[in-house]
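As structure tokens, the structure follows; a few thoughts come after it.
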Amino acid sequence: MVDNQPRHPARDLTSAAVALQLRHAAILVHDDIVDRDEVRGGIATAPAALTASSYRHEGPAAIFLGDALTNLTPLPILRSGLSPAEQTAATDWLLTTAATTAVGQAEQLYLDTVPAVEDLTEDTILAAHGSNMAAATVGCSLGLAALLAGHSRDVADLILHVSERLGAALQVQNDLAGFAELERILADPAGDPLTLANTSDLERRRRTLLVHATVARLGGDERQRFLRRFDSDDPDRLTPLADTIRASGAYEHCTARVAALIDQARSDLANEQRLPPAARRAVLDAYQFVDDLYDPSSPVSRLYLEARPDIVAPSR
């Protein structure tokens with residue numbers, strides 16, 4: 001606001017929002033290619049739809065789509081009524097955080113190549129989640145808002161930094177929701193079929209915090225059985241893996257870890273005196289949003305889960 005008037009007209013703010021949506025769509029397309037997901041939110045993913053409609057081979061056409069969306073991302077900003085300096089700052093921010101997201105996604109893929117999941121630490125896993133998810137989601141959006149509000153790039157960078165614990169919490173919440181969905185499907189063999197999209201990260205042998213916490217809580221022969229099943233191609237391994245994860249207490253540990261991450265993020269923010277008050281309030285609102293997102297008693301969660309029938313709210 002300037003003299004109690006909006007700093008920018010609604011059409012320019014809409015242009016910024018469109019740029020964010022293009023950027024996020026590009027990330028999701030590339031993510032679906034890597035994960036080989038065929039369904040997202042109950043709708044066919046771009047790779048699956050393109051393959052089914054016109055192409056014989058999965059992936060290549062969607063790669064070009066993701067690249068196109070990435071290249072289109074700055075155009076709404078560059079064609080807006082923002083000043084040249086604002087256009088440059090916003091475009092630089094979008095491209096820089098997109099690169100940070102790509103690096104973070106590569107780091108997560110690298111974690112999945114570690115031969116022994118027990119060789120990882122929780123902090124290593126959360127660090128990869130934090131930088132990736134902050135740059136892909138809340139940190140990017142809030143940083144762009146700060147730039148459009150007239151704050152410096154230093155303030156945007158600071159918002160990105162204090163959003164990293166929140167990004168890690170968001171990723172772990174998402175992993176827990178995927179596991180809850182897997183349990184629901186396994187409990188009803190006559191219901192929805194198992195697909196790559198709803199088998200959580202177990203089918204992909206992802207070294208998630210949930211898997212790491214399970215291994216850490218098992219001992220001796222039980223740990224070895226779990227690891228053999230985790231790395232095997234046995235199509236019937238998902239039920240015993242899920243049962244072991246639930247019985248180990250790892251799910252409850254990760255749920256508590258999410259709450260601790262959000263509490264620590266709030267503490268970090270309270271101790272960060274360089275953020276302007278308006279930016280601090282915006283980040284706090286984002287913390288609350290993530291906390292509410294998977295809370296079944298929250299209106300935010302109910303709206304989100306109505307739009308995502310493929311997700312089950314993790315228990316608390």
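Scheme for the structure tokens: letters A, B, ... for chains in order shown; per-chain residue numbers from 1; ligand numbers from 1 in order shown.
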
Quick one: residues within 12 Å of Arg281 (chain A), only C-alpha atoms counted, chain neighbours fewer than 5 positions away excluded, as a ChimeraX atom specification? /A:142,146,159,266,269-270,275-276,286-288

Could those selected residues go to a file with all heavy atoms, as an mmCIF file, in the first residue's frame?
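The result, written out as selection-v4.cif:
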data_model
loop_
_atom_site.group_PDB
_atom_site.id
_atom_site.type_symbol
_atom_site.label_atom_id
_atom_site.label_comp_id
_atom_site.auth_asym_id
_atom_site.auth_seq_id
_atom_site.Cartn_x
_atom_site.Cartn_y
_atom_site.Cartn_z
ATOM 1 N N LEU A 142 5.982 -15.938 -1.199
ATOM 2 C CA LEU A 142 6.103 -14.820 -0.262
ATOM 3 C C LEU A 142 7.247 -13.888 -0.638
ATOM 4 O O LEU A 142 7.162 -12.679 -0.452
ATOM 5 C CB LEU A 142 6.301 -15.358 1.156
ATOM 6 C CG LEU A 142 5.116 -16.109 1.766
ATOM 7 C CD1 LEU A 142 5.477 -16.651 3.144
ATOM 8 C CD2 LEU A 142 3.887 -15.216 1.859
ATOM 9 N N ALA A 146 6.965 -9.934 -1.449
ATOM 10 C CA ALA A 146 7.791 -8.909 -0.799
ATOM 11 C C ALA A 146 8.417 -7.972 -1.828
ATOM 12 O O ALA A 146 8.454 -6.750 -1.636
ATOM 13 C CB ALA A 146 8.883 -9.588 0.033
ATOM 14 N N ILE A 159 13.176 -14.275 3.634
ATOM 15 C CA ILE A 159 11.908 -15.014 3.702
ATOM 16 C C ILE A 159 12.116 -16.443 3.222
ATOM 17 O O ILE A 159 11.610 -17.398 3.837
ATOM 18 C CB ILE A 159 10.838 -14.303 2.851
ATOM 19 C CG1 ILE A 159 10.400 -12.998 3.526
ATOM 20 C CG2 ILE A 159 9.628 -15.213 2.629
ATOM 21 C CD1 ILE A 159 9.469 -12.150 2.688
ATOM 22 N N ARG A 266 8.606 -21.110 13.818
ATOM 23 C CA ARG A 266 8.037 -19.922 14.471
ATOM 24 C C ARG A 266 9.073 -19.267 15.397
ATOM 25 O O ARG A 266 9.155 -18.035 15.475
ATOM 26 C CB ARG A 266 6.789 -20.312 15.263
ATOM 27 C CG ARG A 266 5.580 -20.632 14.393
ATOM 28 C CD ARG A 266 4.310 -20.667 15.247
ATOM 29 N NE ARG A 266 3.120 -20.802 14.430
ATOM 30 C CZ ARG A 266 2.433 -21.917 14.257
ATOM 31 N NH1 ARG A 266 2.834 -23.028 14.867
ATOM 32 N NH2 ARG A 266 1.358 -21.959 13.501
ATOM 33 N N LEU A 269 11.576 -17.389 13.355
ATOM 34 C CA LEU A 269 11.003 -16.144 12.861
ATOM 35 C C LEU A 269 10.944 -15.089 13.968
ATOM 36 O O LEU A 269 11.226 -13.903 13.737
ATOM 37 C CB LEU A 269 9.608 -16.412 12.307
ATOM 38 C CG LEU A 269 8.913 -15.232 11.629
ATOM 39 C CD1 LEU A 269 9.704 -14.764 10.414
ATOM 40 C CD2 LEU A 269 7.494 -15.628 11.210
ATOM 41 N N ALA A 270 10.599 -15.533 15.176
ATOM 42 C CA ALA A 270 10.519 -14.587 16.300
ATOM 43 C C ALA A 270 11.877 -13.976 16.605
ATOM 44 O O ALA A 270 11.965 -12.821 17.047
ATOM 45 C CB ALA A 270 9.974 -15.303 17.532
ATOM 46 N N LEU A 275 13.363 -8.900 9.394
ATOM 47 C CA LEU A 275 12.173 -8.912 8.550
ATOM 48 C C LEU A 275 11.238 -7.761 8.920
ATOM 49 O O LEU A 275 10.946 -7.548 10.098
ATOM 50 C CB LEU A 275 11.418 -10.229 8.705
ATOM 51 C CG LEU A 275 11.900 -11.421 7.869
ATOM 52 C CD1 LEU A 275 11.051 -12.643 8.195
ATOM 53 C CD2 LEU A 275 11.830 -11.118 6.391
ATOM 54 N N PRO A 276 10.717 -7.039 7.942
ATOM 55 C CA PRO A 276 9.718 -6.011 8.230
ATOM 56 C C PRO A 276 8.463 -6.639 8.832
ATOM 57 O O PRO A 276 8.166 -7.812 8.566
ATOM 58 C CB PRO A 276 9.421 -5.412 6.840
ATOM 59 C CG PRO A 276 10.600 -5.764 5.996
ATOM 60 C CD PRO A 276 11.089 -7.086 6.510
ATOM 61 N N ALA A 286 1.632 -18.155 6.709
ATOM 62 C CA ALA A 286 1.997 -19.351 5.945
ATOM 63 C C ALA A 286 2.246 -20.530 6.873
ATOM 64 O O ALA A 286 1.860 -21.673 6.573
ATOM 65 C CB ALA A 286 3.233 -19.072 5.090
ATOM 66 N N TYR A 287 2.899 -20.294 7.998
ATOM 67 C CA TYR A 287 3.117 -21.358 8.985
ATOM 68 C C TYR A 287 1.776 -21.930 9.444
ATOM 69 O O TYR A 287 1.608 -23.150 9.541
ATOM 70 C CB TYR A 287 3.866 -20.826 10.200
ATOM 71 C CG TYR A 287 5.309 -20.466 9.969
ATOM 72 C CD1 TYR A 287 6.051 -19.846 10.964
ATOM 73 C CD2 TYR A 287 5.936 -20.737 8.769
ATOM 74 C CE1 TYR A 287 7.375 -19.503 10.770
ATOM 75 C CE2 TYR A 287 7.258 -20.393 8.565
ATOM 76 C CZ TYR A 287 7.981 -19.774 9.562
ATOM 77 O OH TYR A 287 9.282 -19.440 9.359
ATOM 78 N N GLN A 288 0.829 -21.043 9.728
ATOM 79 C CA GLN A 288 -0.469 -21.497 10.196
ATOM 80 C C GLN A 288 -1.192 -22.283 9.109
ATOM 81 O O GLN A 288 -1.860 -23.293 9.382
ATOM 82 C CB GLN A 288 -1.324 -20.303 10.633
ATOM 83 C CG GLN A 288 -2.607 -20.706 11.336
ATOM 84 C CD GLN A 288 -2.331 -21.512 12.608
ATOM 85 O OE1 GLN A 288 -1.562 -21.097 13.466
ATOM 86 N NE2 GLN A 288 -2.942 -22.693 12.701
#

Within 12 Å of Leu82 (chain A), counting only C-alpha atoms, which residues show up once you throw out same-chain ones fewer than 3 positions away? Write them as a ChimeraX atom specification, please. /A:7-16,76-79,85-91,147-150

Could you please write out, as a ChimeraX atom specification, every residue of region 77-190 of chain A that DSSP assigns to alpha helix (DSSP H)? /A:77-78,84-111,122-136,138-148,153-162,164-186

Option closest in space to Ala136 (chain A), from A:Ala26, A:Ala17, A:Leu50, A:Cys254 [counting only C-alpha atoms]: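 That would be A:Ala26, the residue with the smallest distance to Ala136 (chain A).
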
Identify, on the basis of only C-alpha atoms, every residue whose closest approach to Ser141 (chain A) does not exceed 12 Å; exclude the query and any residue fewer than 6 positions from it along the same chain; express the result as a list in words.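 Contacts, in chain order: Ala16, Ala17, Val18, Ala19, Leu20, Gln21, Arg23, His24, Ala90, Trp93, Leu94, Thr97, Ala98, Met133, Ala134, Ala135, Leu147, Leu148, Ala156, Asp157, Ile159, Leu160, Ser163, Ala279, Ala282, Val283 and Ala286 of chain A.
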
Restricting it to N, CA and C atoms, dump the selection as a PDB file, in the first residue's frame.
ATOM      1  N   ALA A  16       1.375 -11.497 -11.908  1.00  0.00           N
ATOM      2  CA  ALA A  16       2.350 -12.164 -11.040  1.00  0.00           C
ATOM      3  C   ALA A  16       1.828 -13.523 -10.595  1.00  0.00           C
ATOM      4  N   ALA A  17       0.521 -13.586 -10.284  1.00  0.00           N
ATOM      5  CA  ALA A  17      -0.069 -14.856  -9.868  1.00  0.00           C
ATOM      6  C   ALA A  17      -0.041 -15.871 -11.005  1.00  0.00           C
ATOM      7  N   VAL A  18      -0.302 -15.420 -12.227  1.00  0.00           N
ATOM      8  CA  VAL A  18      -0.253 -16.318 -13.385  1.00  0.00           C
ATOM      9  C   VAL A  18       1.170 -16.855 -13.565  1.00  0.00           C
ATOM     10  N   ALA A  19       2.167 -16.004 -13.395  1.00  0.00           N
ATOM     11  CA  ALA A  19       3.562 -16.448 -13.515  1.00  0.00           C
ATOM     12  C   ALA A  19       3.873 -17.535 -12.484  1.00  0.00           C
ATOM     13  N   LEU A  20       3.398 -17.346 -11.261  1.00  0.00           N
ATOM     14  CA  LEU A  20       3.604 -18.367 -10.225  1.00  0.00           C
ATOM     15  C   LEU A  20       2.930 -19.685 -10.601  1.00  0.00           C
ATOM     16  N   GLN A  21       1.725 -19.599 -11.148  1.00  0.00           N
ATOM     17  CA  GLN A  21       1.005 -20.817 -11.530  1.00  0.00           C
ATOM     18  C   GLN A  21       1.700 -21.540 -12.685  1.00  0.00           C
ATOM     19  N   ARG A  23       4.884 -21.453 -13.321  1.00  0.00           N
ATOM     20  CA  ARG A  23       6.102 -22.024 -12.739  1.00  0.00           C
ATOM     21  C   ARG A  23       5.772 -23.300 -11.973  1.00  0.00           C
ATOM     22  N   HIS A  24       4.701 -23.258 -11.179  1.00  0.00           N
ATOM     23  CA  HIS A  24       4.328 -24.433 -10.392  1.00  0.00           C
ATOM     24  C   HIS A  24       3.881 -25.577 -11.300  1.00  0.00           C
ATOM     25  N   ALA A  90      11.432  -9.329 -10.287  1.00  0.00           N
ATOM     26  CA  ALA A  90      10.503 -10.452 -10.186  1.00  0.00           C
ATOM     27  C   ALA A  90      10.938 -11.615 -11.070  1.00  0.00           C
ATOM     28  N   TRP A  93      13.885 -13.379  -9.568  1.00  0.00           N
ATOM     29  CA  TRP A  93      13.469 -14.180  -8.417  1.00  0.00           C
ATOM     30  C   TRP A  93      12.838 -15.495  -8.859  1.00  0.00           C
ATOM     31  N   LEU A  94      11.925 -15.424  -9.822  1.00  0.00           N
ATOM     32  CA  LEU A  94      11.253 -16.636 -10.293  1.00  0.00           C
ATOM     33  C   LEU A  94      12.237 -17.635 -10.888  1.00  0.00           C
ATOM     34  N   THR A  97      14.657 -19.090  -8.001  1.00  0.00           N
ATOM     35  CA  THR A  97      14.019 -20.089  -7.137  1.00  0.00           C
ATOM     36  C   THR A  97      13.653 -21.349  -7.918  1.00  0.00           C
ATOM     37  N   ALA A  98      13.365 -21.217  -9.216  1.00  0.00           N
ATOM     38  CA  ALA A  98      13.119 -22.403 -10.036  1.00  0.00           C
ATOM     39  C   ALA A  98      14.377 -23.261 -10.125  1.00  0.00           C
ATOM     40  N   MET A 133      11.392 -27.554  -1.092  1.00  0.00           N
ATOM     41  CA  MET A 133       9.996 -27.174  -0.929  1.00  0.00           C
ATOM     42  C   MET A 133       9.817 -25.684  -0.645  1.00  0.00           C
ATOM     43  N   ALA A 134      10.764 -25.077   0.057  1.00  0.00           N
ATOM     44  CA  ALA A 134      10.651 -23.637   0.310  1.00  0.00           C
ATOM     45  C   ALA A 134      10.742 -22.865  -1.000  1.00  0.00           C
ATOM     46  N   ALA A 135      11.690 -23.276  -1.867  1.00  0.00           N
ATOM     47  CA  ALA A 135      11.857 -22.587  -3.143  1.00  0.00           C
ATOM     48  C   ALA A 135      10.697 -22.876  -4.092  1.00  0.00           C
ATOM     49  N   LEU A 147       8.894  -8.530  -2.926  1.00  0.00           N
ATOM     50  CA  LEU A 147       9.484  -7.699  -3.977  1.00  0.00           C
ATOM     51  C   LEU A 147       8.447  -6.747  -4.568  1.00  0.00           C
ATOM     52  N   LEU A 148       7.236  -7.261  -4.809  1.00  0.00           N
ATOM     53  CA  LEU A 148       6.182  -6.413  -5.367  1.00  0.00           C
ATOM     54  C   LEU A 148       5.716  -5.357  -4.369  1.00  0.00           C
ATOM     55  N   ALA A 156      13.551 -10.698   0.473  1.00  0.00           N
ATOM     56  CA  ALA A 156      13.023 -11.896  -0.192  1.00  0.00           C
ATOM     57  C   ALA A 156      13.888 -13.113   0.117  1.00  0.00           C
ATOM     58  N   ASP A 157      15.206 -12.942   0.078  1.00  0.00           N
ATOM     59  CA  ASP A 157      16.111 -14.052   0.395  1.00  0.00           C
ATOM     60  C   ASP A 157      15.937 -14.502   1.842  1.00  0.00           C
ATOM     61  N   ILE A 159      13.176 -14.275   3.634  1.00  0.00           N
ATOM     62  CA  ILE A 159      11.908 -15.014   3.702  1.00  0.00           C
ATOM     63  C   ILE A 159      12.116 -16.443   3.222  1.00  0.00           C
ATOM     64  N   LEU A 160      12.869 -16.615   2.142  1.00  0.00           N
ATOM     65  CA  LEU A 160      13.141 -17.958   1.630  1.00  0.00           C
ATOM     66  C   LEU A 160      13.876 -18.791   2.678  1.00  0.00           C
ATOM     67  N   SER A 163      11.754 -19.931   5.559  1.00  0.00           N
ATOM     68  CA  SER A 163      10.703 -20.847   5.112  1.00  0.00           C
ATOM     69  C   SER A 163      11.192 -22.275   4.961  1.00  0.00           C
ATOM     70  N   ALA A 279       6.081  -8.477   6.406  1.00  0.00           N
ATOM     71  CA  ALA A 279       6.643  -9.735   5.912  1.00  0.00           C
ATOM     72  C   ALA A 279       6.590 -10.804   6.997  1.00  0.00           C
ATOM     73  N   ALA A 282       3.097 -12.193   7.169  1.00  0.00           N
ATOM     74  CA  ALA A 282       2.808 -13.060   6.027  1.00  0.00           C
ATOM     75  C   ALA A 282       3.419 -14.448   6.221  1.00  0.00           C
ATOM     76  N   VAL A 283       4.650 -14.491   6.729  1.00  0.00           N
ATOM     77  CA  VAL A 283       5.303 -15.784   6.966  1.00  0.00           C
ATOM     78  C   VAL A 283       4.585 -16.546   8.070  1.00  0.00           C
ATOM     79  N   ALA A 286       1.632 -18.155   6.709  1.00  0.00           N
ATOM     80  CA  ALA A 286       1.997 -19.351   5.945  1.00  0.00           C
ATOM     81  C   ALA A 286       2.246 -20.530   6.873  1.00  0.00           C
TER      82      ALA A 286
END

Which of these residues is nearest to Ala242 (chain A), using only C-alpha atoms: A:Asp67, A:Glu203, A:Asp263, A:Glu183?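 Closest to Ala242 (chain A), using only C-alpha atoms: A:Glu183.
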
Show which residues sit within 9 Å of Leu293 (chain A), as a ChimeraX atom specification. Count only C-alpha atoms, and ignore same-chain residues fewer than 3 positions away. /A:173,288-290,296,298-302,304-305,313

Write to file, as a CSV table (one decimal), in the first residue's frame, the residues of the selection just made, with N, CA, C and O atoms.
chain,number,residue,atom,x,y,z
A,173,GLN,N,4.6,-33.8,5.8
A,173,GLN,CA,3.2,-33.9,5.8
A,173,GLN,C,2.6,-34.6,4.6
A,173,GLN,O,1.7,-35.5,4.7
A,288,GLN,N,0.8,-21.0,9.7
A,288,GLN,CA,-0.5,-21.5,10.2
A,288,GLN,C,-1.2,-22.3,9.1
A,288,GLN,O,-1.9,-23.3,9.4
A,289,PHE,N,-1.1,-21.8,7.9
A,289,PHE,CA,-1.7,-22.5,6.7
A,289,PHE,C,-1.2,-24.0,6.6
A,289,PHE,O,-2.0,-24.9,6.5
A,290,VAL,N,0.1,-24.1,6.7
A,290,VAL,CA,0.7,-25.5,6.6
A,290,VAL,C,0.2,-26.3,7.8
A,290,VAL,O,-0.1,-27.5,7.7
A,296,PRO,N,-7.8,-32.3,10.0
A,296,PRO,CA,-9.2,-32.6,9.6
A,296,PRO,C,-10.2,-31.6,10.2
A,296,PRO,O,-11.3,-31.4,9.6
A,298,SER,N,-9.8,-28.5,10.4
A,298,SER,CA,-9.6,-27.1,9.9
A,298,SER,C,-10.4,-26.9,8.6
A,298,SER,O,-10.4,-27.8,7.7
A,299,PRO,N,-11.1,-25.8,8.4
A,299,PRO,CA,-11.8,-25.5,7.1
A,299,PRO,C,-10.8,-25.6,6.0
A,299,PRO,O,-11.2,-26.0,4.9
A,300,VAL,N,-9.5,-25.1,6.2
A,300,VAL,CA,-8.5,-25.1,5.1
A,300,VAL,C,-8.3,-26.6,4.7
A,300,VAL,O,-8.3,-26.9,3.5
A,301,SER,N,-8.2,-27.5,5.6
A,301,SER,CA,-8.0,-28.9,5.3
A,301,SER,C,-9.2,-29.5,4.6
A,301,SER,O,-9.0,-30.2,3.6
A,302,ARG,N,-10.4,-29.2,5.0
A,302,ARG,CA,-11.6,-29.7,4.4
A,302,ARG,C,-11.7,-29.3,2.9
A,302,ARG,O,-12.0,-30.1,2.1
A,304,TYR,N,-9.2,-28.4,1.0
A,304,TYR,CA,-8.1,-29.0,0.3
A,304,TYR,C,-8.4,-30.5,0.0
A,304,TYR,O,-8.2,-31.0,-1.2
A,305,LEU,N,-8.9,-31.2,1.0
A,305,LEU,CA,-9.2,-32.6,0.8
A,305,LEU,C,-10.4,-32.9,-0.1
A,305,LEU,O,-10.4,-33.9,-0.8
A,313,ALA,N,-6.2,-37.3,5.0
A,313,ALA,CA,-5.5,-36.5,6.0
A,313,ALA,C,-4.8,-37.4,7.0
A,313,ALA,O,-5.4,-38.4,7.5

To one decimal in Å, tell me the separation between CA of Ile262 (chain A) and CA of Thr124 (chain A).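 Atom-to-atom, CA of Ile262 (chain A) and CA of Thr124 (chain A) are spaced 17.6 Å apart.
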
Given only C-alpha atoms as the basis, pick out the residue of A:Arg40, A:Arg217, A:Arg165, A:Arg153 nearest to Val258 (chain A).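 So, comparing all the options, the nearest one is A:Arg165.
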
Distance in Å - CA of Glu118 (chain A) versus CA of Arg237 (chain A): 19.4 Å

In Å, rounded to a single decimal, give me how far CA of Leu209 (chain A) is from CA of Leu126 (chain A).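 CA of Leu209 (chain A) lies 7.6 Å from CA of Leu126 (chain A).
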